[in-house]
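This is work_36.pdb. It holds PDB, C-alpha atoms.
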```pdb
ATOM      1  CA  MET A   1     168.857  86.426 -42.766
ATOM      2  CA  THR A   2     172.526  86.736 -43.813
ATOM      3  CA  SER A   3     174.936  88.954 -41.880
ATOM      4  CA  PHE A   4     174.954  91.472 -44.739
ATOM      5  CA  GLU A   5     171.153  91.665 -44.790
ATOM      6  CA  HIS A   6     171.208  92.028 -41.001
ATOM      7  CA  ILE A   7     173.600  94.999 -41.242
ATOM      8  CA  ILE A   8     171.353  96.682 -43.818
ATOM      9  CA  ALA A   9     168.226  96.082 -41.726
ATOM     10  CA  GLU A  10     169.932  97.390 -38.586
ATOM     11  CA  LEU A  11     171.572 100.520 -39.994
ATOM     12  CA  THR A  12     169.035 101.693 -42.581
ATOM     13  CA  PRO A  13     166.629 103.115 -39.930
ATOM     14  CA  LEU A  14     169.513 105.126 -38.418
ATOM     15  CA  LEU A  15     170.303 106.705 -41.769
ATOM     16  CA  GLN A  16     166.627 107.335 -42.477
ATOM     17  CA  GLN A  17     166.172 109.026 -39.105
ATOM     18  CA  TYR A  18     169.428 110.941 -38.704
ATOM     19  CA  GLY A  19     170.620 111.158 -42.310
ATOM     20  CA  TYR A  20     174.096 112.426 -43.083
ATOM     21  CA  TRP A  21     174.717 113.482 -39.476
ATOM     22  CA  ILE A  22     174.971 109.932 -38.160
ATOM     23  CA  LEU A  23     177.266 109.037 -41.062
ATOM     24  CA  ALA A  24     179.542 112.003 -40.336
ATOM     25  CA  ILE A  25     179.708 111.389 -36.593
ATOM     26  CA  ALA A  26     180.333 107.633 -36.854
ATOM     27  CA  ILE A  27     183.152 108.048 -39.376
ATOM     28  CA  ALA A  28     184.752 110.993 -37.551
ATOM     29  CA  VAL A  29     184.866 109.366 -34.114
ATOM     30  CA  GLU A  30     186.587 106.308 -35.578
ATOM     31  CA  GLY A  31     189.454 108.600 -36.507
ATOM     32  CA  ILE A  32     190.076 109.481 -32.874
ATOM     33  CA  GLY A  33     190.090 105.893 -31.679
ATOM     34  CA  ILE A  34     186.437 105.335 -30.779
ATOM     35  CA  PRO A  35     184.989 102.200 -32.430
ATOM     36  CA  ALA A  36     181.858 102.988 -34.451
ATOM     37  CA  PRO A  37     180.059 101.462 -37.468
ATOM     38  CA  GLY A  38     181.267 104.202 -39.823
ATOM     39  CA  GLN A  39     182.311 101.893 -42.638
ATOM     40  CA  SER A  40     179.120  99.831 -42.443
ATOM     41  CA  LEU A  41     177.033 103.006 -42.487
ATOM     42  CA  LEU A  42     178.936 104.183 -45.556
ATOM     43  CA  VAL A  43     178.162 100.935 -47.403
ATOM     44  CA  VAL A  44     174.471 101.055 -46.465
ATOM     45  CA  ALA A  45     174.262 104.757 -47.384
ATOM     46  CA  SER A  46     175.785 103.944 -50.768
ATOM     47  CA  LEU A  47     173.173 101.232 -51.313
ATOM     48  CA  LEU A  48     170.423 103.706 -50.389
ATOM     49  CA  ALA A  49     171.891 106.113 -52.937
ATOM     50  CA  ALA A  50     171.625 103.389 -55.583
ATOM     51  CA  SER A  51     167.886 103.251 -54.929
ATOM     52  CA  GLY A  52     167.548 107.037 -55.012
ATOM     53  CA  LYS A  53     166.931 107.465 -51.280
ATOM     54  CA  MET A  54     170.178 109.388 -50.630
ATOM     55  CA  SER A  55     172.582 111.435 -52.726
ATOM     56  CA  LEU A  56     175.825 109.637 -53.576
ATOM     57  CA  SER A  57     177.744 112.886 -54.066
ATOM     58  CA  SER A  58     176.612 114.126 -50.630
ATOM     59  CA  ILE A  59     177.527 110.788 -49.060
ATOM     60  CA  LEU A  60     181.036 110.910 -50.523
ATOM     61  CA  LEU A  61     181.523 114.530 -49.484
ATOM     62  CA  VAL A  62     180.332 113.940 -45.925
ATOM     63  CA  ALA A  63     182.236 110.674 -45.510
ATOM     64  CA  GLY A  64     185.418 112.051 -47.066
ATOM     65  CA  LEU A  65     185.517 115.202 -44.941
ATOM     66  CA  SER A  66     184.543 113.346 -41.765
ATOM     67  CA  GLY A  67     187.147 110.656 -42.302
ATOM     68  CA  PHE A  68     189.918 113.121 -43.115
ATOM     69  CA  ILE A  69     189.114 115.530 -40.278
ATOM     70  CA  GLY A  70     188.525 112.718 -37.775
ATOM     71  CA  ASN A  71     191.923 111.210 -38.565
ATOM     72  CA  CYS A  72     193.575 114.630 -38.299
ATOM     73  CA  CYS A  73     192.011 115.086 -34.853
ATOM     74  CA  GLY A  74     193.243 111.644 -33.810
ATOM     75  CA  PHE A  75     196.732 112.479 -35.095
ATOM     76  CA  TRP A  76     196.769 115.786 -33.194
ATOM     77  CA  ILE A  77     195.598 114.113 -29.968
ATOM     78  CA  GLY A  78     198.285 111.454 -30.306
ATOM     79  CA  ARG A  79     200.949 114.057 -31.076
ATOM     80  CA  LYS A  80     200.049 116.370 -28.186
ATOM     81  CA  PHE A  81     198.732 113.996 -25.532
ATOM     82  CA  GLY A  82     200.164 110.623 -26.522
ATOM     83  CA  HIS A  83     202.205 110.378 -23.337
ATOM     84  CA  VAL A  84     199.020 110.785 -21.259
ATOM     85  CA  LEU A  85     197.212 108.068 -23.224
ATOM     86  CA  VAL A  86     200.169 105.723 -22.790
ATOM     87  CA  ASN A  87     200.732 106.466 -19.072
ATOM     88  CA  LYS A  88     197.064 105.954 -18.247
ATOM     89  CA  GLN A  89     197.026 102.865 -20.483
ATOM     90  CA  TRP A  90     194.002 104.130 -22.403
ATOM     91  CA  ILE A  91     195.841 102.560 -25.294
ATOM     92  CA  LYS A  92     196.959  99.084 -24.309
ATOM     93  CA  PRO A  93     200.725  98.456 -24.533
ATOM     94  CA  ARG A  94     200.084  95.530 -26.867
ATOM     95  CA  THR A  95     198.033  97.718 -29.247
ATOM     96  CA  LEU A  96     200.660 100.460 -29.080
ATOM     97  CA  GLY A  97     203.404  97.966 -29.900
ATOM     98  CA  LYS A  98     201.478  96.718 -32.926
ATOM     99  CA  LEU A  99     200.907 100.279 -34.120
ATOM    100  CA  HIS A 100     204.592 101.204 -33.835
ATOM    101  CA  ALA A 101     205.648  98.035 -35.648
ATOM    102  CA  PHE A 102     203.055  98.686 -38.353
ATOM    103  CA  ILE A 103     204.165 102.307 -38.835
ATOM    104  CA  GLU A 104     207.852 101.372 -38.922
ATOM    105  CA  ARG A 105     207.185  98.698 -41.520
ATOM    106  CA  TYR A 106     204.807 100.535 -43.844
ATOM    107  CA  GLY A 107     205.370 104.230 -43.109
ATOM    108  CA  THR A 108     202.949 106.575 -44.851
ATOM    109  CA  PHE A 109     201.341 103.732 -46.785
ATOM    110  CA  GLY A 110     200.448 102.172 -43.439
ATOM    111  CA  LEU A 111     197.587 104.677 -43.299
ATOM    112  CA  LEU A 112     196.217 103.254 -46.532
ATOM    113  CA  ILE A 113     196.622  99.626 -45.515
ATOM    114  CA  SER A 114     195.288 100.117 -41.986
ATOM    115  CA  ARG A 115     192.129 101.796 -43.281
ATOM    116  CA  PHE A 116     190.891  98.342 -44.207
ATOM    117  CA  ILE A 117     191.966  96.401 -41.109
ATOM    118  CA  GLU A 118     189.549  96.344 -38.187
ATOM    119  CA  GLY A 119     191.199  96.904 -34.823
ATOM    120  CA  ILE A 120     194.053  98.920 -36.320
ATOM    121  CA  LYS A 121     192.275 101.555 -38.399
ATOM    122  CA  GLN A 122     190.553 103.047 -35.322
ATOM    123  CA  PHE A 123     193.915 103.732 -33.636
ATOM    124  CA  MET A 124     196.210 104.328 -36.605
ATOM    125  CA  ALA A 125     195.903 108.132 -36.618
ATOM    126  CA  LEU A 126     196.542 108.214 -32.869
ATOM    127  CA  GLY A 127     199.526 105.912 -33.362
ATOM    128  CA  CYS A 128     200.973 108.134 -36.087
ATOM    129  CA  GLY A 129     200.672 111.107 -33.738
ATOM    130  CA  ILE A 130     202.264 109.268 -30.824
ATOM    131  CA  ALA A 131     205.075 108.127 -33.135
ATOM    132  CA  GLN A 132     205.571 111.787 -34.179
ATOM    133  CA  MET A 133     205.164 111.063 -37.886
ATOM    134  CA  PRO A 134     205.973 114.209 -39.926
ATOM    135  CA  VAL A 135     202.786 116.202 -40.524
ATOM    136  CA  LYS A 136     203.161 116.355 -44.314
ATOM    137  CA  HIS A 137     203.659 112.570 -44.477
ATOM    138  CA  PHE A 138     200.557 112.018 -42.369
ATOM    139  CA  LEU A 139     198.434 114.384 -44.451
ATOM    140  CA  PHE A 140     199.508 112.688 -47.677
ATOM    141  CA  GLY A 141     198.843 109.206 -46.282
ATOM    142  CA  ASN A 142     195.525 110.295 -44.801
ATOM    143  CA  LEU A 143     194.323 111.802 -48.088
ATOM    144  CA  LEU A 144     195.404 108.718 -50.032
ATOM    145  CA  ALA A 145     193.755 106.338 -47.559
ATOM    146  CA  ILE A 146     190.456 108.220 -47.460
ATOM    147  CA  SER A 147     190.323 108.505 -51.263
ATOM    148  CA  VAL A 148     190.809 104.775 -51.860
ATOM    149  CA  TRP A 149     188.489 103.881 -48.979
ATOM    150  CA  LEU A 150     185.712 106.047 -50.455
ATOM    151  CA  MET A 151     186.061 104.386 -53.842
ATOM    152  CA  VAL A 152     185.825 100.910 -52.321
ATOM    153  CA  PHE A 153     183.109 101.393 -49.692
ATOM    154  CA  GLY A 154     181.345 104.500 -51.013
ATOM    155  CA  VAL A 155     181.315 104.321 -54.800
ATOM    156  CA  ALA A 156     181.528 100.566 -55.472
ATOM    157  CA  PRO A 157     178.428  99.518 -53.448
ATOM    158  CA  ALA A 158     176.255 101.988 -55.393
ATOM    159  CA  TYR A 159     177.200 100.389 -58.700
ATOM    160  CA  LEU A 160     177.755  96.796 -57.601
ATOM    161  CA  HIS A 161     174.835  96.505 -55.170
ATOM    162  CA  ASP A 162     173.533  93.270 -56.675
ATOM    163  CA  GLU A 163     176.848  91.541 -55.967
ATOM    164  CA  MET A 164     177.677  93.169 -52.630
ATOM    165  CA  GLU A 165     176.956  90.127 -50.465
ATOM    166  CA  HIS A 166     179.361  87.949 -52.459
ATOM    167  CA  ILE A 167     181.995  90.693 -52.658
ATOM    168  CA  LEU A 168     181.908  91.367 -48.907
ATOM    169  CA  ALA A 169     182.040  87.646 -48.119
ATOM    170  CA  PHE A 170     185.165  87.326 -50.277
ATOM    171  CA  TYR A 171     186.663  90.437 -48.679
ATOM    172  CA  HIS A 172     186.112  89.200 -45.110
ATOM    173  CA  ASN A 173     187.665  85.819 -45.959
ATOM    174  CA  TYR A 174     190.677  87.269 -47.804
ATOM    175  CA  GLN A 175     191.251  90.723 -46.322
ATOM    176  CA  ALA A 176     195.050  90.499 -46.343
ATOM    177  CA  LEU A 177     195.153  89.371 -49.969
ATOM    178  CA  CYS A 178     192.664  92.019 -51.109
ATOM    179  CA  TRP A 179     194.593  94.872 -49.578
ATOM    180  CA  ALA A 180     197.975  93.551 -50.586
ATOM    181  CA  VAL A 181     196.715  93.733 -54.186
ATOM    182  CA  VAL A 182     195.096  97.154 -53.709
ATOM    183  CA  SER A 183     198.215  98.561 -52.030
ATOM    184  CA  ALA A 184     200.452  97.188 -54.773
ATOM    185  CA  VAL A 185     198.253  98.779 -57.452
ATOM    186  CA  VAL A 186     198.240 102.138 -55.650
ATOM    187  CA  VAL A 187     202.016 102.080 -55.195
ATOM    188  CA  VAL A 188     202.553 101.310 -58.882
ATOM    189  CA  LEU A 189     200.160 104.071 -59.949
ATOM    190  CA  LEU A 190     201.863 106.598 -57.664
ATOM    191  CA  ALA A 191     205.271 105.562 -58.961
ATOM    192  CA  LEU A 192     204.097 106.064 -62.539
ATOM    193  CA  ILE A 193     202.600 109.472 -61.705
ATOM    194  CA  LEU A 194     205.759 110.623 -59.917
ATOM    195  CA  ARG A 195     207.895 109.368 -62.803
ATOM    196  CA  SER A 196     205.727 111.270 -65.284
ATOM    197  CA  LEU A 197     205.950 114.460 -63.220
ATOM    198  CA  LYS A 198     209.720 114.092 -62.941
ATOM    199  CA  LYS A 199     210.040 113.726 -66.717
ATOM    200  CA  ARG A 200     207.957 116.843 -67.264
ATOM    201  CA  ARG A 201     210.153 118.837 -64.908
ATOM    202  CA  LEU A 202     213.248 117.675 -66.770
ATOM    203  CA  GLY A 203     211.598 118.539 -70.058
ATOM    204  CA  LEU A 204     211.768 114.977 -71.425
TER     205      LEU A 204
END
```
Output the file's structure as structure tokens, nothing else.
Amino acid sequence: MTSFEHIIAELTPLLQQYGYWILAIAIAVEGIGIPAPGQSLLVVASLLAASGKMSLSSILLVAGLSGFIGNCCGFWIGRKFGHVLVNKQWIKPRTLGKLHAFIERYGTFGLLISRFIEGIKQFMALGCGIAQMPVKHFLFGNLLAISVWLMVFGVAPAYLHDEMEHILAFYHNYQALCWAVVSAVVVVLLALILRSLKKRRLGL
């Protein structure tokens, strides 16, 4: 049995027994720094939707809200109690250093990039809070990250289920390349949208 088949076999019973609740909880707790199989559950739920066993629209709604709210909770905890987490070393100094360096380098778009990097995505919202990122910047980055993440791991598996094993194998082998391309595309699209809006405001 391949690793992908193993994940499906392991997580499908959880979704069949607990439904959307387990999906919501797993995704939400990741946002506050607790490792959970939220992303894997989302992929498996999407595959179940492709076979008619779950509703794709409900999956996307639940996953989107849980991811956004979970990250907001993590951000708030980091913003209000970051000093406690650091002093008690609940976040390791090495992890905190990586988060700060990541945020300084990528800013708001770091939320998008980190959403696809295991080991960073679980603590990114906390890190943004500890770093006192402006709230409006965080909310924008969070919304952007969740939207792209849902398209990749929520929508795509439902329509590309026959090729998922090959796609995931490629993704795991070339994560950095995949998200460098995705980030570049998103940045270009945002630039074009902002340029279009600016022209409209100027009446061009």
To one decimal place, how far is CA of Glu118 (chain A) from CA of Met133 (chain A) in Å?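 Between CA of Glu118 (chain A) and CA of Met133 (chain A) the gap is 21.5 Å.
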Residues picked by the PyMOL selection byres ((chain A and resi 142) around 8) here, as an NGL selection string? :A and (68 or 71 or 111-112 or 138-141 or 143-146)
Kindly give the distance, in Å, that separates CA of Gly154 (chain A) and CA of Ser46 (chain A), rounded to a single decimal. 5.6 Å
Just the number, please: distance in Å from CA of Val135 (chain A) to CA of Ala24 (chain A), one decimal.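 Going from CA of Val135 (chain A) over to CA of Ala24 (chain A), I get 23.6 Å.
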Residues in the PyMOL selection byres ((chain A and resi 158) around 9), expressed as a list in words: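 When the PyMOL selection byres ((chain A and resi 158) around 9) is applied, the selected residues are Val43, Ala45, Ser46, Leu47, Leu48, Ala49, Ala50, Ser51, Leu56, Phe153, Gly154, Val155, Ala156, Pro157, Tyr159, Leu160 and His161 of chain A.
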Write out as an mmCIF file with C-alpha atoms, in the coordinates of the input which residues come within 7 Å of Ile34 (chain A) when counting only C-alpha atoms, dropping same-chain ones fewer than 3 positions away.
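And here is the file that came out, selection22.cif:
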```cif
data_model
loop_
_atom_site.group_PDB
_atom_site.id
_atom_site.type_symbol
_atom_site.label_atom_id
_atom_site.label_comp_id
_atom_site.auth_asym_id
_atom_site.auth_seq_id
_atom_site.Cartn_x
_atom_site.Cartn_y
_atom_site.Cartn_z
ATOM 1 C CA VAL A 29 184.866 109.366 -34.114
ATOM 2 C CA GLU A 30 186.587 106.308 -35.578
ATOM 3 C CA GLN A 122 190.553 103.047 -35.322
#
```
Using only C-alpha atoms, which of the listed residues (A:Ala101, A:Ile59, A:Met124, A:Cys73) sits closest to Ile22 (chain A)?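 Of A:Ala101, A:Ile59, A:Met124, A:Cys73, the one nearest Ile22 (chain A), counting only C-alpha atoms, is A:Ile59.
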With distances taken over all atoms listed in the file, the candidate from A:Arg105, A:Lys88, A:Arg94, A:Arg79 nearest Gln132 (chain A) is A:Arg79
Determine the nearest neighbour of Trp21 (chain A) from the options A:Ser58, A:Ser147, A:Thr95, A:Thr108, counting only C-alpha atoms. A:Ser58
Choose the residue, out of A:Leu99, A:Ala26, A:Val84, A:Ala131, that has the smallest atom-to-atom separation from Leu11 (chain A); count all atoms listed in the file.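 Once distances to Leu11 (chain A) are computed over all atoms listed in the file, the minimum belongs to A:Ala26.
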Taking only C-alpha atoms into account, name the residue in A:Lys121, A:Leu41, A:Ser66, A:Met151 that is nearest to Ile25 (chain A). A:Ser66
I need the residue nearest Ile8 (chain A) from this list: A:Cys128, A:Val44, A:Leu65, A:Val152. Use all atoms listed in the file for the distance. A:Val44
Find the spatial neighbours of Gly67 (chain A), counting all atoms listed in the file, within a cut-off of 6 Å - ignore same-chain residues fewer than 4 positions away - and output them as a compact mmCIF listing (two decimals) with C-alpha atoms, keeping the file's coordinate frame.
```
# COMPACT_ATOMS: atom_id res chain seq x y z
CA ILE A 27 183.15 108.05 -39.38
CA ALA A 28 184.75 110.99 -37.55
CA ALA A 63 182.24 110.67 -45.51
```
Select all residues near (197.8, 105.4, -25.7) (cut-off 10 Å, inclusive, file coordinates), counting only C-alpha atoms, and output them as JSON, numbers by chain. {"A": [33, 77, 78, 81, 82, 83, 84, 85, 86, 87, 88, 89, 90, 91, 92, 93, 95, 96, 123, 126, 127, 130]}
Based on the selection just made, write C-alpha atoms of those residues as a compact mmCIF listing (two decimals), in the coordinates of the input.
```
# COMPACT_ATOMS: atom_id res chain seq x y z
CA GLY A 33 190.09 105.89 -31.68
CA ILE A 77 195.60 114.11 -29.97
CA GLY A 78 198.28 111.45 -30.31
CA PHE A 81 198.73 114.00 -25.53
CA GLY A 82 200.16 110.62 -26.52
CA HIS A 83 202.20 110.38 -23.34
CA VAL A 84 199.02 110.78 -21.26
CA LEU A 85 197.21 108.07 -23.22
CA VAL A 86 200.17 105.72 -22.79
CA ASN A 87 200.73 106.47 -19.07
CA LYS A 88 197.06 105.95 -18.25
CA GLN A 89 197.03 102.86 -20.48
CA TRP A 90 194.00 104.13 -22.40
CA ILE A 91 195.84 102.56 -25.29
CA LYS A 92 196.96 99.08 -24.31
CA PRO A 93 200.72 98.46 -24.53
CA THR A 95 198.03 97.72 -29.25
CA LEU A 96 200.66 100.46 -29.08
CA PHE A 123 193.92 103.73 -33.64
CA LEU A 126 196.54 108.21 -32.87
CA GLY A 127 199.53 105.91 -33.36
CA ILE A 130 202.26 109.27 -30.82
```
